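Trainee: Dropping a structure here in structure tokens format, bear with me for questions.
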Amino acid sequence: MRAIEVGLRFLVQQGLRYVFGIPAGSINAVYDALLDIPELKPIVAKHENSSGYMAGAYTRITGLPSICVASSGPGATNLVTPAANAWKQKLPVIFITGSVPSGKMGKGGAQELYAEPIFASITKMSRTVLDPNQLPEILAEAYHTAISGVPGPVHLAIPIDIQMTDIGERELPVLPPTQQPTMDLAAAQAAAKRIKAAGLRGAILLGNGAKASSDSIVQLAETLEWKVATTPRGKGAFPENHPLSLGIYGLSANIKASEYLNGNDHEVLLIIGSSLGELATSNWEPRLVANRELIHIDYDQSELGKCYETQYPVHGEIKLVIAELLDQLSADIQDKSYASEAFIGLGEAAAASEHAEEKWNTLSAIRRLSATAPKNARFFLDIGEFMTYSIQNLLIESGQEFDIDINFGGMGSGIGGSLGAQLAEPTRPTICITGDGCFFMHGLEVLTAKEYNLPILFVVINNARLGMVYHGHMLQYKRCLEDFSQERVSIAGVAQSLGLRHAEVRSLDQLQGEHVQEWLSHGGPVVVEVIVDGNEIPPMGERVKFLQGATY
């Protein structure tokens, strides 16, 4: 049996189901082996960048590691961006790149690249495999490294001759026990004691790491009667129609959230599952932590105290820590019931209801999508001007999901990511909101969605410019090059040429609930081009301040 086949069969044994990537000479032994391993299904993308985003989204949603492969040379360098994205998001994606034959290294082979050091700073492990007999064990080591402790991506460069070498019949490697973070019980109990002492003078800020514990966090917030905000990546960790919801804090913050968290009505801030970076904290806003004590819960110990002095750092799996807090608090605090009407203070997001007189622009289109989306929809956001409106105005209710790769912020990540999301949860409606700039980078992945019959609704906001770049530049420099804009291209026409169901929307009348329902019931991908002028200034002022150096 070839060495690569033994390694792939080991990964199948661990529950892996997809290989994302693009075939090429130096990696084709993987694709040939897949003919004999039906449990592993290839998802062939149109660009290696996109395949990495697909793998990352699939892994984040399922919790299962995924495989992403590319050729040596340009294929490998195309995986650097999604590998860095997986590194930022702590996703256990296994990146495999091909290489020229081991005996020809250094001789100038076509597409030769020493990839190991390139991936070293953005993975937990990056190695070149030079012994075919060790390949299965090294692949098992890479898998174990990816999932152990704080998860993260790994990378192996495997020369084509090493992949193809017959190593005979081999037993599959056996994994050592997986190491996972243990809860600091004493720290959790100390945090519970401080929470009790604060009474009603507390607030909660949720990051992306809180999403897996959403139900228990709702119970905790209701028990404490503490108001809750989320970071942009944490959006969806707490239902935004809940009476205690403040909406978003950070980039494109809801006014209610900023006023409350920067105000003086609480003495304790409970932070759950956030690294507290620039976009989560409005450029590390000093008022967020002024005159109050911080309780910070995270499964990655390195995040605790990294950005702000933290009086009560609690390390451990978030679900277990929340359960411990609830156990400690339940003896002294009676459960509260919040069956009242939805909280009115979300400002723009609460305005997602339909208004016939509303002006047609990006903001009104986003609000209408929010109002008409299914109650179990997953919104997968791309990067751009529309993103700032969406963070602020999509009202994510209980049962809905929200995803965005905002920390690394690769344009087009939402398009590829939505394919991985649909594969992860085939029965959940997926709505990808992207822009014309992102579409021109990775838009042909809509054809990949067609080829694999993935029923994704791609909503493309077309303002005929790089909107976020244009407005950001104008806010910062008061002028900008004409090159930031371009002649409008019919994206619906592109979709038509690809044989895809498509629609062109120029008014709210063309974006009604029945339209959204019809598009989502099509059974395959649908591209909806939303044509707007895009002259309004998006809610991105905090980002511009950061770029101006105001926080340095």
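Chain lettering (A, B, ...) mirrors the order of the structure tokens, residue numbering begins at 1 for each chain separately, and ligand numbering begins at 1 in order of display.
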Quick one: contact table of stretch 27-69 of chain A to stretch 372-380 of chain A, 12 Å max, nearest atom pair and distance in Å to one decimal per residue, counting only C-alpha atoms, chain and number order, as a Markdown table?

Mentor:
| residue | atom | partner | partner_atom | distance |
| --- | --- | --- | --- | --- |
| A:Tyr53 | CA | A:Phe380 | CA | 11.7 |
| A:Met54 | CA | A:Phe380 | CA | 11.7 |
| A:Ala57 | CA | A:Phe380 | CA | 9.6 |
| A:Ile61 | CA | A:Arg378 | CA | 10.9 |

Trainee: Just the helix (DSSP H, G or I) stuff from stretch 86-329 of chain A, please, per backbone DSSP, written as an MDAnalysis selection string.

Mentor: chainID A and resid 86:89 102:104 116:120 132:147 160:164 185:198 208:224 255:261 278:280 286:288 301:303 318:329

Trainee: Do a neighbour search on stretch 306-323 of chain A at 7 Å with only C-alpha atoms, toss out local chain neighbours closer than 3 positions, and write the hits as a VMD selection string.

Mentor: chain A and resid 181 to 184 187 to 188 191 213 216 276 293 to 303 326 to 327

Trainee: Which residues, written as a JSON list (two decimals) with all heavy atoms, in the first residue's frame, have at least one atom at most 10 Å from A:Asp161, with only C-alpha atoms counted and residues fewer than 2 positions away on the same chain left out?

Mentor:
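Okay, this is what ended up in out-v8.json:
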[["chain", "number", "residue", "atom", "x", "y", "z"],
["A", 3, "ALA", "N", 2.32, 4.94, 0.76],
["A", 3, "ALA", "CA", 2.44, 5.62, 2.05],
["A", 3, "ALA", "C", 1.31, 6.61, 2.27],
["A", 3, "ALA", "O", 0.75, 6.70, 3.37],
["A", 3, "ALA", "CB", 3.79, 6.32, 2.15],
["A", 26, "SER", "N", 2.12, 17.35, -8.25],
["A", 26, "SER", "CA", 2.88, 16.97, -7.06],
["A", 26, "SER", "C", 2.00, 16.50, -5.91],
["A", 26, "SER", "O", 2.51, 16.08, -4.87],
["A", 26, "SER", "CB", 3.73, 18.16, -6.59],
["A", 26, "SER", "OG", 2.90, 19.23, -6.17],
["A", 29, "ALA", "N", -1.09, 12.01, -6.16],
["A", 29, "ALA", "CA", -1.15, 10.69, -5.50],
["A", 29, "ALA", "C", -2.25, 10.68, -4.45],
["A", 29, "ALA", "O", -2.88, 9.63, -4.21],
["A", 29, "ALA", "CB", 0.19, 10.36, -4.87],
["A", 98, "GLY", "N", 2.30, 19.40, -1.83],
["A", 98, "GLY", "CA", 3.21, 18.51, -2.54],
["A", 98, "GLY", "C", 4.60, 19.10, -2.63],
["A", 98, "GLY", "O", 4.87, 20.22, -2.19],
["A", 99, "SER", "N", 5.50, 18.33, -3.19],
["A", 99, "SER", "CA", 6.87, 18.78, -3.37],
["A", 99, "SER", "C", 7.49, 17.99, -4.51],
["A", 99, "SER", "O", 7.02, 16.90, -4.85],
["A", 99, "SER", "CB", 7.67, 18.58, -2.08],
["A", 99, "SER", "OG", 9.02, 18.94, -2.25],
["A", 100, "VAL", "N", 8.55, 18.55, -5.07],
["A", 100, "VAL", "CA", 9.28, 17.84, -6.12],
["A", 100, "VAL", "C", 9.85, 16.55, -5.52],
["A", 100, "VAL", "O", 9.97, 16.42, -4.30],
["A", 100, "VAL", "CB", 10.41, 18.71, -6.69],
["A", 100, "VAL", "CG1", 9.84, 19.96, -7.34],
["A", 100, "VAL", "CG2", 11.43, 19.08, -5.61],
["A", 101, "PRO", "N", 10.19, 15.57, -6.34],
["A", 101, "PRO", "CA", 10.76, 14.33, -5.81],
["A", 101, "PRO", "C", 11.93, 14.60, -4.87],
["A", 101, "PRO", "O", 12.75, 15.49, -5.12],
["A", 101, "PRO", "CB", 11.19, 13.57, -7.07],
["A", 101, "PRO", "CG", 10.28, 14.07, -8.14],
["A", 101, "PRO", "CD", 10.04, 15.51, -7.82],
["A", 102, "SER", "N", 12.00, 13.83, -3.81],
["A", 102, "SER", "CA", 13.00, 14.10, -2.76],
["A", 102, "SER", "C", 14.43, 14.06, -3.30],
["A", 102, "SER", "O", 15.29, 14.82, -2.83],
["A", 102, "SER", "CB", 12.84, 13.08, -1.63],
["A", 102, "SER", "OG", 12.97, 11.75, -2.11],
["A", 103, "GLY", "N", 14.69, 13.21, -4.29],
["A", 103, "GLY", "CA", 16.04, 13.12, -4.84],
["A", 103, "GLY", "C", 16.40, 14.28, -5.76],
["A", 103, "GLY", "O", 17.56, 14.41, -6.18],
["A", 130, "LEU", "N", 10.44, 13.08, 4.56],
["A", 130, "LEU", "CA", 11.44, 12.57, 3.63],
["A", 130, "LEU", "C", 11.60, 11.04, 3.69],
["A", 130, "LEU", "O", 12.36, 10.48, 2.93],
["A", 130, "LEU", "CB", 12.79, 13.24, 3.89],
["A", 130, "LEU", "CG", 12.82, 14.75, 3.64],
["A", 130, "LEU", "CD1", 14.17, 15.34, 4.05],
["A", 130, "LEU", "CD2", 12.52, 15.06, 2.18],
["A", 131, "ASP", "N", 10.87, 10.39, 4.59],
["A", 131, "ASP", "CA", 10.93, 8.93, 4.71],
["A", 131, "ASP", "C", 9.52, 8.38, 4.55],
["A", 131, "ASP", "O", 8.66, 8.62, 5.40],
["A", 131, "ASP", "CB", 11.51, 8.54, 6.07],
["A", 131, "ASP", "CG", 11.68, 7.03, 6.22],
["A", 131, "ASP", "OD1", 11.10, 6.27, 5.41],
["A", 131, "ASP", "OD2", 12.37, 6.61, 7.17],
["A", 132, "PRO", "N", 9.25, 7.63, 3.48],
["A", 132, "PRO", "CA", 7.88, 7.14, 3.26],
["A", 132, "PRO", "C", 7.40, 6.23, 4.38],
["A", 132, "PRO", "O", 6.21, 6.21, 4.70],
["A", 132, "PRO", "CB", 7.98, 6.38, 1.94],
["A", 132, "PRO", "CG", 9.44, 6.07, 1.77],
["A", 132, "PRO", "CD", 10.16, 7.19, 2.41],
["A", 158, "ILE", "N", 5.02, 17.06, 1.41],
["A", 158, "ILE", "CA", 5.33, 15.65, 1.13],
["A", 158, "ILE", "C", 5.75, 15.51, -0.33],
["A", 158, "ILE", "O", 4.92, 15.69, -1.25],
["A", 158, "ILE", "CB", 4.10, 14.75, 1.41],
["A", 158, "ILE", "CG1", 3.49, 15.06, 2.78],
["A", 158, "ILE", "CG2", 4.51, 13.29, 1.31],
["A", 158, "ILE", "CD1", 2.22, 14.28, 3.07],
["A", 159, "PRO", "N", 7.00, 15.21, -0.61],
["A", 159, "PRO", "CA", 7.44, 15.00, -2.00],
["A", 159, "PRO", "C", 6.61, 13.91, -2.67],
["A", 159, "PRO", "O", 6.18, 12.94, -2.01],
["A", 159, "PRO", "CB", 8.90, 14.58, -1.84],
["A", 159, "PRO", "CG", 9.33, 15.18, -0.54],
["A", 159, "PRO", "CD", 8.11, 15.10, 0.34],
["A", 163, "GLN", "N", 5.02, 10.17, -1.30],
["A", 163, "GLN", "CA", 3.60, 9.81, -1.30],
["A", 163, "GLN", "C", 3.37, 8.46, -1.97],
["A", 163, "GLN", "O", 2.57, 7.65, -1.50],
["A", 163, "GLN", "CB", 2.79, 10.88, -2.04],
["A", 163, "GLN", "CG", 2.84, 12.27, -1.47],
["A", 163, "GLN", "CD", 2.15, 13.27, -2.39],
["A", 163, "GLN", "OE1", 1.06, 13.00, -2.92],
["A", 163, "GLN", "NE2", 2.77, 14.43, -2.60],
["A", 164, "MET", "N", 4.08, 8.23, -3.07],
["A", 164, "MET", "CA", 3.77, 7.08, -3.93],
["A", 164, "MET", "C", 4.50, 5.80, -3.55],
["A", 164, "MET", "O", 4.19, 4.73, -4.08],
["A", 164, "MET", "CB", 4.11, 7.44, -5.39],
["A", 164, "MET", "CG", 3.27, 8.57, -5.93],
["A", 164, "MET", "SD", 3.76, 9.05, -7.61],
["A", 164, "MET", "CE", 3.33, 7.58, -8.53],
["A", 165, "THR", "N", 5.46, 5.86, -2.65],
["A", 165, "THR", "CA", 6.24, 4.68, -2.29],
["A", 165, "THR", "C", 5.37, 3.62, -1.64],
["A", 165, "THR", "O", 4.60, 3.89, -0.71],
["A", 165, "THR", "CB", 7.39, 5.05, -1.34],
["A", 165, "THR", "OG1", 8.25, 5.97, -2.01],
["A", 165, "THR", "CG2", 8.19, 3.82, -0.94],
["A", 166, "ASP", "N", 5.49, 2.38, -2.11],
["A", 166, "ASP", "CA", 4.75, 1.26, -1.51],
["A", 166, "ASP", "C", 5.46, 0.84, -0.23],
["A", 166, "ASP", "O", 6.63, 0.46, -0.24],
["A", 166, "ASP", "CB", 4.72, 0.09, -2.50],
["A", 166, "ASP", "CG", 3.74, -1.00, -2.07],
["A", 166, "ASP", "OD1", 3.54, -1.19, -0.84],
["A", 166, "ASP", "OD2", 3.18, -1.67, -2.95]]

Trainee: Quick one: residues within 6 Å of stretch 235-247 of chain A, only C-alpha atoms, excluding same-chain residues fewer than 4 positions away - as JSON, numbers by chain?

Mentor: {"A": [211, 214, 227, 228, 229, 230, 254, 256, 257, 342, 343, 346, 395, 396, 397, 398, 401, 402]}

Trainee: I'd like the contact shell of stretch 7-20 of chain A - 9 Å cut-off, only C-alpha atoms, skipping same-chain residues fewer than 3 positions apart - returned as an MDAnalysis selection string.

Mentor: chainID A and resid 2:4 30:31 33:34 37 39:45 48 51:52 54:55 64:70 135:140 143 172:174

Trainee: Write out as number ranges by chain all residues of stretch 492-534 of chain A that backbone DSSP assigns to strand (DSSP E).

Mentor: A: 501-505, 526-531

Trainee: Just give me the gap between atom CA of A:Ala24 and atom CA of A:Ser121 in Å, one decimal is fine.

Mentor: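 Between these atoms lies a distance of 25.4 Å.
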